[in-house]
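Enquirer: data.tsv is the file, holding TSV, N, CA and C atoms:
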```tsv
chain	number	residue	atom	x	y	z
A	1	MET	N	-9.17	7.66	-1.02
A	1	MET	CA	-10.19	7.69	-2.03
A	1	MET	C	-9.98	6.58	-3.06
A	2	GLU	N	-8.76	6.40	-3.50
A	2	GLU	CA	-8.46	5.37	-4.49
A	2	GLU	C	-8.84	3.98	-3.97
A	3	PHE	N	-8.56	3.71	-2.71
A	3	PHE	CA	-8.87	2.41	-2.12
A	3	PHE	C	-10.37	2.16	-2.12
A	4	GLY	N	-11.16	3.22	-1.90
A	4	GLY	CA	-12.61	3.09	-1.93
A	4	GLY	C	-13.15	2.79	-3.31
A	5	ILE	N	-12.42	3.17	-4.33
A	5	ILE	CA	-12.84	2.89	-5.70
A	5	ILE	C	-12.60	1.43	-6.03
A	6	SER	N	-11.40	0.93	-5.76
A	6	SER	CA	-11.12	-0.48	-5.98
A	6	SER	C	-9.89	-0.91	-5.19
A	7	HIS	N	-9.93	-2.15	-4.73
A	7	HIS	CA	-8.78	-2.72	-4.02
A	7	HIS	C	-8.84	-4.23	-4.12
A	8	ILE	N	-7.71	-4.85	-3.83
A	8	ILE	CA	-7.62	-6.30	-3.83
A	8	ILE	C	-8.15	-6.80	-2.48
A	9	PRO	N	-9.04	-7.80	-2.49
A	9	PRO	CA	-9.57	-8.33	-1.23
A	9	PRO	C	-8.44	-8.70	-0.27
A	10	GLY	N	-8.59	-8.30	0.99
A	10	GLY	CA	-7.60	-8.60	2.01
A	10	GLY	C	-6.51	-7.55	2.13
A	11	SER	N	-6.51	-6.58	1.23
A	11	SER	CA	-5.47	-5.55	1.30
A	11	SER	C	-5.84	-4.50	2.35
A	12	VAL	N	-4.84	-3.74	2.77
A	12	VAL	CA	-5.00	-2.70	3.77
A	12	VAL	C	-4.56	-1.38	3.15
A	13	ASN	N	-5.29	-0.32	3.42
A	13	ASN	CA	-4.98	0.98	2.85
A	13	ASN	C	-4.03	1.76	3.74
A	14	ALA	N	-2.88	2.10	3.21
A	14	ALA	CA	-1.92	2.98	3.88
A	14	ALA	C	-1.56	4.07	2.88
A	15	PRO	N	-2.31	5.17	2.85
A	15	PRO	CA	-2.04	6.23	1.87
A	15	PRO	C	-0.59	6.71	1.92
A	16	LEU	N	-0.09	7.15	0.79
A	16	LEU	CA	1.31	7.57	0.70
A	16	LEU	C	1.64	8.65	1.71
A	17	ALA	N	0.74	9.60	1.92
A	17	ALA	CA	1.01	10.67	2.90
A	17	ALA	C	1.22	10.10	4.30
A	18	LEU	N	0.45	9.10	4.68
A	18	LEU	CA	0.64	8.45	5.99
A	18	LEU	C	1.93	7.64	6.00
A	19	THR	N	2.22	6.98	4.89
A	19	THR	CA	3.45	6.20	4.81
A	19	THR	C	4.66	7.11	4.93
A	20	GLU	N	4.59	8.29	4.32
A	20	GLU	CA	5.69	9.25	4.44
A	20	GLU	C	5.86	9.72	5.88
A	21	LYS	N	4.76	9.94	6.57
A	21	LYS	CA	4.80	10.47	7.94
A	21	LYS	C	5.15	9.39	8.97
A	22	HIS	N	4.73	8.16	8.73
A	22	HIS	CA	4.88	7.08	9.71
A	22	HIS	C	5.65	5.89	9.12
A	23	THR	N	6.65	6.16	8.31
A	23	THR	CA	7.37	5.09	7.60
A	23	THR	C	7.88	4.01	8.55
A	24	ARG	N	8.56	4.39	9.58
A	24	ARG	CA	9.15	3.41	10.51
A	24	ARG	C	8.05	2.58	11.18
A	25	GLN	N	7.01	3.24	11.66
A	25	GLN	CA	5.91	2.53	12.34
A	25	GLN	C	5.24	1.54	11.39
A	26	ILE	N	4.93	1.98	10.19
A	26	ILE	CA	4.28	1.10	9.22
A	26	ILE	C	5.20	-0.05	8.84
A	27	GLY	N	6.47	0.24	8.62
A	27	GLY	CA	7.43	-0.80	8.28
A	27	GLY	C	7.56	-1.88	9.33
A	28	GLN	N	7.41	-1.49	10.60
A	28	GLN	CA	7.50	-2.46	11.70
A	28	GLN	C	6.24	-3.31	11.82
A	29	LEU	N	5.11	-2.78	11.38
A	29	LEU	CA	3.84	-3.49	11.54
A	29	LEU	C	3.50	-4.41	10.37
A	30	LEU	N	4.02	-4.11	9.20
A	30	LEU	CA	3.68	-4.92	8.03
A	30	LEU	C	4.42	-6.25	8.04
A	31	PRO	N	3.78	-7.29	7.50
A	31	PRO	CA	4.50	-8.55	7.37
A	31	PRO	C	5.68	-8.40	6.41
A	32	ARG	N	6.69	-9.20	6.56
A	32	ARG	CA	7.90	-9.08	5.75
A	32	ARG	C	7.61	-9.25	4.26
A	33	ASP	N	6.73	-10.13	3.88
A	33	ASP	CA	6.39	-10.33	2.46
A	33	ASP	C	5.19	-9.48	2.11
A	34	THR	N	5.44	-8.19	1.89
A	34	THR	CA	4.37	-7.24	1.60
A	34	THR	C	4.45	-6.80	0.15
A	35	VAL	N	3.29	-6.74	-0.49
A	35	VAL	CA	3.19	-6.21	-1.85
A	35	VAL	C	2.53	-4.84	-1.75
A	36	VAL	N	3.18	-3.84	-2.31
A	36	VAL	CA	2.69	-2.47	-2.26
A	36	VAL	C	1.98	-2.18	-3.58
A	37	ILE	N	0.77	-1.62	-3.48
A	37	ILE	CA	-0.08	-1.47	-4.65
A	37	ILE	C	-0.68	-0.06	-4.70
A	38	CYS	N	-0.77	0.49	-5.88
A	38	CYS	CA	-1.56	1.70	-6.12
A	38	CYS	C	-2.27	1.48	-7.46
A	39	ARG	N	-2.84	2.52	-8.02
A	39	ARG	CA	-3.58	2.34	-9.27
A	39	ARG	C	-2.67	1.90	-10.40
A	40	SER	N	-1.54	2.58	-10.58
A	40	SER	CA	-0.70	2.26	-11.74
A	40	SER	C	0.73	1.87	-11.39
A	41	GLY	N	1.21	2.19	-10.19
A	41	GLY	CA	2.55	1.80	-9.77
A	41	GLY	C	3.44	2.93	-9.29
A	42	ALA	N	3.12	4.18	-9.58
A	42	ALA	CA	4.01	5.29	-9.21
A	42	ALA	C	4.06	5.52	-7.70
A	43	ARG	N	2.92	5.65	-7.06
A	43	ARG	CA	2.90	5.89	-5.61
A	43	ARG	C	3.38	4.67	-4.83
A	44	SER	N	3.07	3.49	-5.31
A	44	SER	CA	3.54	2.29	-4.61
A	44	SER	C	5.06	2.15	-4.71
A	45	THR	N	5.64	2.58	-5.81
A	45	THR	CA	7.10	2.57	-5.93
A	45	THR	C	7.71	3.50	-4.89
A	46	ARG	N	7.15	4.68	-4.73
A	46	ARG	CA	7.64	5.63	-3.72
A	46	ARG	C	7.48	5.04	-2.31
A	47	ALA	N	6.34	4.40	-2.04
A	47	ALA	CA	6.11	3.79	-0.72
A	47	ALA	C	7.12	2.68	-0.46
A	48	ALA	N	7.40	1.86	-1.45
A	48	ALA	CA	8.38	0.78	-1.28
A	48	ALA	C	9.77	1.35	-1.02
A	49	GLU	N	10.12	2.46	-1.68
A	49	GLU	CA	11.40	3.12	-1.43
A	49	GLU	C	11.48	3.63	0.00
A	50	LEU	N	10.39	4.22	0.48
A	50	LEU	CA	10.36	4.70	1.87
A	50	LEU	C	10.54	3.55	2.84
A	51	LEU	N	9.82	2.46	2.62
A	51	LEU	CA	9.92	1.29	3.50
A	51	LEU	C	11.33	0.71	3.47
A	52	ALA	N	11.94	0.67	2.31
A	52	ALA	CA	13.32	0.18	2.20
A	52	ALA	C	14.28	1.06	2.99
A	53	SER	N	13.98	2.37	3.07
A	53	SER	CA	14.85	3.30	3.79
A	53	SER	C	14.87	3.04	5.29
A	54	VAL	N	13.87	2.30	5.81
A	54	VAL	CA	13.85	1.96	7.23
A	54	VAL	C	14.09	0.46	7.42
A	55	GLY	N	14.66	-0.18	6.40
A	55	GLY	CA	15.07	-1.57	6.55
A	55	GLY	C	14.12	-2.62	6.03
A	56	MET	N	12.96	-2.24	5.51
A	56	MET	CA	12.01	-3.22	5.00
A	56	MET	C	12.27	-3.42	3.51
A	57	THR	N	13.29	-4.20	3.21
A	57	THR	CA	13.71	-4.37	1.82
A	57	THR	C	12.91	-5.44	1.08
A	58	SER	N	12.02	-6.14	1.77
A	58	SER	CA	11.25	-7.20	1.12
A	58	SER	C	9.91	-6.71	0.56
A	59	ALA	N	9.59	-5.43	0.70
A	59	ALA	CA	8.36	-4.91	0.13
A	59	ALA	C	8.53	-4.80	-1.38
A	60	THR	N	7.62	-5.40	-2.12
A	60	THR	CA	7.69	-5.34	-3.57
A	60	THR	C	6.48	-4.60	-4.13
A	61	VAL	N	6.61	-4.09	-5.33
A	61	VAL	CA	5.56	-3.32	-5.98
A	61	VAL	C	4.84	-4.21	-6.99
A	62	LEU	N	3.52	-4.17	-6.98
A	62	LEU	CA	2.73	-4.90	-7.98
A	62	LEU	C	2.86	-4.16	-9.31
A	63	THR	N	3.58	-4.75	-10.24
A	63	THR	CA	3.82	-4.12	-11.54
A	63	THR	C	2.49	-3.83	-12.23
A	64	GLY	N	2.31	-2.57	-12.61
A	64	GLY	CA	1.08	-2.17	-13.30
A	64	GLY	C	-0.06	-1.83	-12.36
A	65	GLY	N	0.13	-2.05	-11.06
A	65	GLY	CA	-0.86	-1.67	-10.06
A	65	GLY	C	-2.19	-2.41	-10.17
A	66	ILE	N	-3.19	-1.83	-9.52
A	66	ILE	CA	-4.53	-2.43	-9.49
A	66	ILE	C	-5.12	-2.53	-10.89
A	67	ASP	N	-4.74	-1.61	-11.79
A	67	ASP	CA	-5.24	-1.67	-13.16
A	67	ASP	C	-4.81	-2.97	-13.83
A	68	ALA	N	-3.53	-3.34	-13.68
A	68	ALA	CA	-3.03	-4.58	-14.27
A	68	ALA	C	-3.68	-5.79	-13.62
A	69	TRP	N	-3.88	-5.73	-12.31
A	69	TRP	CA	-4.53	-6.82	-11.58
A	69	TRP	C	-5.93	-7.06	-12.14
A	70	ARG	N	-6.69	-5.98	-12.30
A	70	ARG	CA	-8.05	-6.07	-12.83
A	70	ARG	C	-8.03	-6.57	-14.28
A	71	ASP	N	-7.12	-6.01	-15.09
A	71	ASP	CA	-7.02	-6.40	-16.50
A	71	ASP	C	-6.66	-7.87	-16.67
A	72	ALA	N	-6.00	-8.44	-15.68
A	72	ALA	CA	-5.65	-9.87	-15.71
A	72	ALA	C	-6.81	-10.75	-15.26
A	73	GLY	N	-7.96	-10.13	-14.96
A	73	GLY	CA	-9.13	-10.89	-14.56
A	73	GLY	C	-9.17	-11.28	-13.10
A	74	ARG	N	-8.30	-10.67	-12.29
A	74	ARG	CA	-8.26	-10.97	-10.85
A	74	ARG	C	-9.39	-10.23	-10.13
A	75	THR	N	-9.73	-10.70	-8.94
A	75	THR	CA	-10.80	-10.12	-8.15
A	75	THR	C	-10.42	-8.74	-7.61
A	76	VAL	N	-11.32	-7.79	-7.79
A	76	VAL	CA	-11.16	-6.44	-7.27
A	76	VAL	C	-12.46	-6.09	-6.56
A	77	ARG	N	-12.35	-5.50	-5.39
A	77	ARG	CA	-13.53	-5.09	-4.62
A	77	ARG	C	-13.54	-3.58	-4.45
A	78	THR	N	-14.72	-3.07	-4.18
A	78	THR	CA	-14.84	-1.65	-3.84
A	78	THR	C	-15.25	-1.55	-2.39
A	79	GLY	N	-14.89	-0.45	-1.75
A	79	GLY	CA	-15.24	-0.26	-0.36
A	79	GLY	C	-14.19	0.54	0.37
A	80	ALA	N	-14.51	0.93	1.57
A	80	ALA	CA	-13.61	1.78	2.35
A	80	ALA	C	-12.77	0.97	3.31
A	81	GLY	N	-11.71	1.57	3.75
A	81	GLY	CA	-10.81	0.99	4.72
A	81	GLY	C	-9.53	1.79	4.73
A	82	ILE	N	-9.15	2.33	5.85
A	82	ILE	CA	-7.96	3.20	5.92
A	82	ILE	C	-7.06	2.73	7.05
A	83	TRP	N	-5.77	2.77	6.77
A	83	TRP	CA	-4.76	2.48	7.80
A	83	TRP	C	-4.99	3.43	8.95
A	84	ASN	N	-5.02	2.94	10.15
A	84	ASN	CA	-5.30	3.80	11.30
A	84	ASN	C	-4.04	3.95	12.14
A	85	ALA	N	-3.18	4.85	11.72
A	85	ALA	CA	-1.95	5.13	12.48
A	85	ALA	C	-2.17	6.34	13.34
A	86	ARG	N	-1.63	6.32	14.54
A	86	ARG	CA	-1.72	7.51	15.41
A	86	ARG	C	-0.89	8.62	14.85
A	87	SER	N	-1.40	9.84	14.92
A	87	SER	CA	-0.59	10.98	14.46
A	87	SER	C	0.43	11.35	15.51
A	88	ASP	N	1.50	11.94	15.01
A	88	ASP	CA	2.56	12.40	15.92
A	88	ASP	C	2.17	13.69	16.57
```
Show how you would write the structure in this file as structure tokens.

Expert:
Amino acid sequence: MEFGISHIPGSVNAPLALTEKHTRQIGQLLPRDTVVICRSGARSTRAAELLASVGMTSATVLTGGIDAWRDAGRTVRTGAGIWNARSD
């Protein structure tokens, strides 16, 4: 839902619940230089911790989240898009 409200162009939605369930799979598919983003930073911090637990230590959190990005005058888009991971 949050991603549909606003997101950075080119970003991919991987909700925290999916990241918790498929941490290893997501960590293997993401590029090494990944920035993890949420609205304010709390959920993205948790996601980055999960990814680090499976060896993806290069995932960084966008400080202040999408709110800070928007407040800095950066481009934000609205629309849908969800990470499509197979369920276990």

Enquirer: Select, from A:Ala52, A:Ile66, A:Val12, A:Ile5, the residue with the minimum atom-to-atom distance to Arg24 (chain A), counting only C-alpha atoms.

Expert: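 Going through A:Ala52, A:Ile66, A:Val12, A:Ile5 one by one, the smallest distance to Arg24 (chain A) is for A:Ala52.
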
Enquirer: Just give me the gap between atom C of Thr78 (chain A) and atom C of Gln25 (chain A) in Å, one decimal is fine.

Expert: 24.9 Å

Enquirer: Within 8 Å of Pro31 (chain A), counting only N, CA and C atoms, which residues qualify if same-chain residues fewer than 5 places away don't, as a list of chain:residue names?

Expert: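 In the requested form, the answer reads A:Ile26, A:Ser58, A:Ala59.
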
Enquirer: For each of A:Ile8, A:Val76, A:Val36, A:Ala48, take the minimum atom-to-atom distance to Thr63 (chain A), counting all atoms listed in the file, then give the residue where this is smallest.

Expert: A:Val36

Enquirer: Report the distance between atom N of Glu20 (chain A) and CA of Gly65 (chain A) in Å, rounded to one decimal place.

Expert: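 Value for the atom N of Glu20 (chain A)-CA of Gly65 (chain A) distance: 18.3 Å.
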
Enquirer: Calculate how many Å separate CA of Phe3 (chain A) from atom N of Ala72 (chain A), rounding to one decimal.

Expert: 17.6 Å

Enquirer: Could you find all residues in chain A that DSSP calls strand (DSSP E) from the backbone, and write them as a ChimeraX atom specification?

Expert: /A:35-36,60-61

Enquirer: Using all atoms listed in the file for the distances, tell me which of A:Ala42, A:Ala17, A:Ala47, A:Leu30 is nearest to Gly64 (chain A).

Expert: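 Closest to Gly64 (chain A), using all atoms listed in the file: A:Ala42.
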
Enquirer: For Trp69 (chain A), which residue among A:Gly4, A:Asp33, A:Thr45, A:Arg39 is the nearest when counting all atoms listed in the file?

Expert: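 Using all atoms listed in the file, Trp69 (chain A) sits closest to A:Arg39.
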
Enquirer: Between A:Thr60, A:Thr75, A:Ser53, A:Thr23, single out the one closest to Pro9 (chain A), counting only C-alpha atoms.

Expert: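 Smallest distance to Pro9 (chain A) is found for A:Thr75.
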
Enquirer: Check the smallest atom-to-atom distance from each of A:Ala68, A:Ala14, A:Leu62, A:Met56 to Gln28 (chain A) using only N, CA and C atoms, then report the winner.

Expert: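 For Gln28 (chain A), the nearest of the candidates is A:Met56.
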